[in-house]
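**Student:** Please see the structure below; I have some questions.
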Amino acid sequence: MNRTNEVLYLKRLPDLRERHLAGNILLEGANGSGKTELLKQVYRSIYWEDSPIVPFYYAFKTATLKASIFAQDYFTQFIRQYISFFSKDPSLVIGRGLSPARAIPPSAAWLLDLMDEFEELRKAGDFCGQLLAAVSAPAHAAAMSGKPVLIMLDNFQMALRLYETTPGDFSGLAGFFESPMKMNLCPHIVTGTPTETLESVFAENAFRGTAERMVLRPLPDDVARALLKSFCDKLGIREERETSIRFVRFLACNPLYIKCIAHSIRRMGKKEATHRDLWESYSHEVSEGEIALYWSSILSEALREPGIRRLAVRLFMHLAESNGEVTATGRLPRMLGVAEAEVKEVLAALKCAGFLTGTTGYKVPKEPVLRDFMHSLYMQDIDSKTPDQVRELIRAKYSEQGSPDMCFEIILPSVPDAELIAAKAFEQIAQTLKLQPEVTERIQLALIEACINAMEHSGSFERKVFLKFRASEERLEIAVESSGRFFDPEAVEDPAIELKLTSANKRGWGLKLIQSIMDEVRIERIDDRTRVLLIKNIKKEEVVHDTRKLQS
């Protein structure tokens with residue numbers, strides 16, 4: 001990935017640390033930017049060199065956060081990697097070949113004593129002793145051999161969740177790393193997400209001043225395109241330079257995304273990475289592919305209960321449609337029909353997991369991939385769309401230039417003629433979409449009726465109607481939502497449409513007329529809210545190609 005400069009600098013860290021020219025490294029970067037891959041490159045580079053530096057890589061995992069299990073895993077991995085480095089036998093790292101004890105060279109016989117001491121602590125059930133022995137093992141090895149150990153800790157933010165018996169029962173166990181991190185012979189490179197959580201760890205007294213920041217910037221455009229090309233070449237896929245460059249820019253030159261897209265194109269049986277193929281691959285990846293799996297794992301890690309994750313998706317999409325940072329969240333519990341404490345807990349969890357940012361409030365990152373992933377969850381879990389529908393909608397979001405849909409929200413008060421405000425707002429959307437005037441008028445009529453129904457049938461104490469518009473060149477969606485009692489379409493009498501079409505009274509046109517205008521109308525009950533979703537597929541003949549007609 002052309003991270004040569006970063007690899008060289010990190011490999012020199014033990015020497016710089018010994019001369020007091022550098023400290024530990026806090027490696028920061030966006031999700032999928034290549035932090036883990038960079039650490040593995042450093043590890044592999046040192047491993048196969050005749051180097052006096054011993055590399056040790058460890059990734060924190062949910063399954064090993066119980067202190068005794070973590071200590072055993074950390075200690076065992078270090079011993080195996082340490083012996084493997086000197087024997088140059090990679091099979092030792094993954095538990096194959098000789099047992100670690102039998103592979104220990106005579107010059108490192110002291111490792112046997114280290115292993116015996118750890119086993120005694122394990123048998124005694126001394127979890128603090130085990131934890132201290134485990135995290136101190138690299139430092140002990142460096143002191144005994146005189147060879148520096150470069151320690152690379154991935155997902156270090158998870159160290160904050162180490163526990164004794166049950167999650168949350170013993171805080172501060174990450175503090176056991178304080179002493180090893182201060183040893184000159186054991187420089188640490190630490191990664192994790194989100195950046196704010198990781199930085200907060202090193203702002204605490206135990207770690208303050210022990211690390212310096214190193215930000216992993218996005219790949220340059222040409223390097224990102226070369227990465228995509230290298231994947232495509234290996235998979236027998238042809239790609240075009242300018243198309244690829246535009247596409248990797250959309251992906252923020254993220255190495256993980258680029259790799260997933262290339263493999264997705266191959267799985268789809270494509271021989272070329274054309275513009276259409278790239279977007280078809282992308283729509284699959286963010287909805288049900290490897291990119292979706294990546295973000296789903298992070299979301300599930302932050303919010304384990306499916307019902308809570310569903311609320312998190314709704315909160316995220318609401319905030320995504322707001323411009324800027326949202327500091328006033330008081331109305332969210334009423335809008336979503338949940339307790340205020342629950343909303344605050346979910347918002348905090350999303351922020352901790354990197355789904356939200358903000359200094360004094362909450363803000364959705366501008367990353368389109370994350371937004372599209374959460375939108376796909378929303379469409380599947382909330383809108384009950386099929387995977388095929390989700391993929392098509394995501395693909396259709398982007399025009400030939402890759403522009404996203406128009407998407408915004410309006411809140412109407414339940415007062416007379418408020419629905420006309422919605423109709424006027426849609427008029428601006430219609431002009432942007434270049435809709436024929438008669439098409440615009442009919443959609444306005446459907447929107448007016450939907451707003452009136454929401455006001456008159458909801459009985460909500462909020463006395464508000466929430467509108468969400470999403471429009472592209474191919475599709476229009478309008479969601480009309482209100483709290484209160486459910487609007488039962490079967491209980492509403494259908495008017496005589498033929499008479500209403502020539503009537504000056506545009507109120508009370510009925511559900512049947514809305515359905516005749518729109519391609520699809522859905523009426524859903526979501527918690528304490530009723531949503532009417534109006535969907536219109538825009539046909540070529542419904543668009544004005546001579547813009548002078550729009551002005552007439």
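Labels for the structure tokens follow display order: chains A, B, ..., residues from 1 in each chain, ligands from 1.
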Within 6 Å of stretch 528-544 of chain A, counting only C-alpha atoms, which residues show up once you throw out same-chain ones fewer than 2 positions away? Write them as an MDAnalysis selection string, please.
**Tutor:** chainID A and resid 337 434:436 474:483 486 518:526 546
**Student:** Show which residues sit within 7 Å of A:Lys271, as a list of chain:residue names. Count only C-alpha atoms, and ignore same-chain residues fewer than 4 positions away.
**Tutor:**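 The residues that qualify are A:Gly236, A:Ile237, A:Arg238.
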**Student:** With N, CA and C atoms retained, could you export that selection as a PDB file, in the first residue's frame?
**Tutor:**
ATOM      1  N   GLY A 236      -7.722 -11.124 -12.609  1.00  0.00           N
ATOM      2  CA  GLY A 236      -8.053 -11.216 -14.027  1.00  0.00           C
ATOM      3  C   GLY A 236      -9.153 -10.261 -14.452  1.00  0.00           C
ATOM      4  N   ILE A 237      -9.197  -9.075 -13.837  1.00  0.00           N
ATOM      5  CA  ILE A 237     -10.237  -8.084 -14.139  1.00  0.00           C
ATOM      6  C   ILE A 237      -9.589  -6.860 -14.770  1.00  0.00           C
ATOM      7  N   ARG A 238     -10.150  -6.385 -15.880  1.00  0.00           N
ATOM      8  CA  ARG A 238      -9.649  -5.170 -16.514  1.00  0.00           C
ATOM      9  C   ARG A 238     -10.298  -3.952 -15.879  1.00  0.00           C
TER      10      ARG A 238
END
**Student:** Show me, as number ranges by chain, the residues that have an atom within 7 Å of A:Val364 when counting only C-alpha atoms, minus same-chain residues fewer than 5 positions from it.
**Tutor:** A: 319-320, 355-357
**Student:** Name the residues of stretch 116-210 of chain A that come out as alpha helix (DSSP H) in a backbone DSSP run; write them as a PyMOL selection string.
**Tutor:** chain A and resi 116-124+127-145+178-181+195-201
**Student:** Contacts of A:Ala63 at 12 Å or less, counting only C-alpha atoms, minus same-chain residues fewer than 3 places along, as an MDAnalysis selection string?
**Tutor:** chainID A and resid 59:60 66:70 73 158 161:163 167 301
**Student:** Quick one: everything within 8 Å of A:Val7, counting only C-alpha atoms, minus sequence neighbours fewer than 6 positions away in the same chain. Send it as a list in words.
**Tutor:**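 Here the qualifying residues turn out to be Leu38, Gln41 and Val42 of chain A.
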**Student:** Limited to C-alpha atoms, could you put the picked residues into a file as an mmCIF file, in the first residue's frame?
**Tutor:**
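Writing the result to selection.cif gives the following:
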data_model
loop_
_atom_site.group_PDB
_atom_site.id
_atom_site.type_symbol
_atom_site.label_atom_id
_atom_site.label_comp_id
_atom_site.auth_asym_id
_atom_site.auth_seq_id
_atom_site.Cartn_x
_atom_site.Cartn_y
_atom_site.Cartn_z
ATOM 1 C CA LEU A 38 0.605 -1.507 8.565
ATOM 2 C CA GLN A 41 3.837 -5.163 7.442
ATOM 3 C CA VAL A 42 6.164 -3.948 10.190
#
**Student:** Hey, which of A:Leu467, A:Thr193, A:Tyr74, A:Leu92 ends up closest to A:Lys351? Count only C-alpha atoms.
**Tutor:**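 Of all the options, A:Thr193 lies closest to A:Lys351.
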**Student:** Under the rule of at most 12 Å, produce a per-residue listing of stretch 329-435 of chain A near stretch 256-265 of chain A: chain, number, name, the closest pair of atoms, and the distance in Å, as JSON lines, using only C-alpha atoms.
**Tutor:**
{"residue": "A:Pro368", "atom": "CA", "partner": "A:Tyr257", "partner_atom": "CA", "distance": 11.8}
{"residue": "A:Val369", "atom": "CA", "partner": "A:Tyr257", "partner_atom": "CA", "distance": 8.8}
{"residue": "A:Leu370", "atom": "CA", "partner": "A:Tyr257", "partner_atom": "CA", "distance": 10.9}
**Student:** Quick check, in Å to one decimal: how far apart do atom CA of A:Ile151 and atom CA of A:Asn184 lie?
**Tutor:**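 Interatomic distance, atom CA of A:Ile151 to atom CA of A:Asn184: 11.7 Å.
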**Student:** Any idea what's packed within 10 Å of A:Ala143, counting only C-alpha atoms, ignoring anything in its chain fewer than 6 positions away? Could you give it as a VMD selection string?
**Tutor:** chain A and resid 137 149 183 185 to 186
**Student:** Please compute the atom CA of A:Asn5-atom CA of A:Leu153 distance, one decimal, in Å.
**Tutor:**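 So the answer is 20.1 Å.
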**Student:** If we count only C-alpha atoms and set the cut-off at 12 Å, which residues sit around A:Asn254, ignoring sequence neighbours fewer than 6 positions away in its own chain? Please answer as a PyMOL selection string.
**Tutor:** chain A and resi 1+29-35+216-221+223-225+227-228+247-248+260-261+291+367-369
**Student:** Which residues in stretch 217-343 of chain A does DSSP call strand (DSSP E)? List them as a PDB file with N, CA and C atoms, in the first residue's frame.
**Tutor:**
ATOM      1  N   ARG A 238     -10.150  -6.385 -15.880  1.00  0.00           N
ATOM      2  CA  ARG A 238      -9.649  -5.170 -16.514  1.00  0.00           C
ATOM      3  C   ARG A 238     -10.298  -3.952 -15.879  1.00  0.00           C
ATOM      4  N   GLU A 239      -9.506  -2.881 -15.747  1.00  0.00           N
ATOM      5  CA  GLU A 239     -10.062  -1.638 -15.201  1.00  0.00           C
ATOM      6  C   GLU A 239      -9.532  -0.454 -16.004  1.00  0.00           C
ATOM      7  N   GLU A 272     -14.597  -6.980 -16.256  1.00  0.00           N
ATOM      8  CA  GLU A 272     -14.166  -5.595 -16.337  1.00  0.00           C
ATOM      9  C   GLU A 272     -14.714  -4.818 -15.145  1.00  0.00           C
ATOM     10  N   ALA A 273     -13.967  -3.802 -14.705  1.00  0.00           N
ATOM     11  CA  ALA A 273     -14.417  -2.928 -13.638  1.00  0.00           C
ATOM     12  C   ALA A 273     -14.918  -1.631 -14.257  1.00  0.00           C
TER      13      ALA A 273
END
**Student:** How many Å lie between atom CA of A:Leu513 and atom CA of A:Ile452, rounded to one decimal?
**Tutor:** 13.6 Å
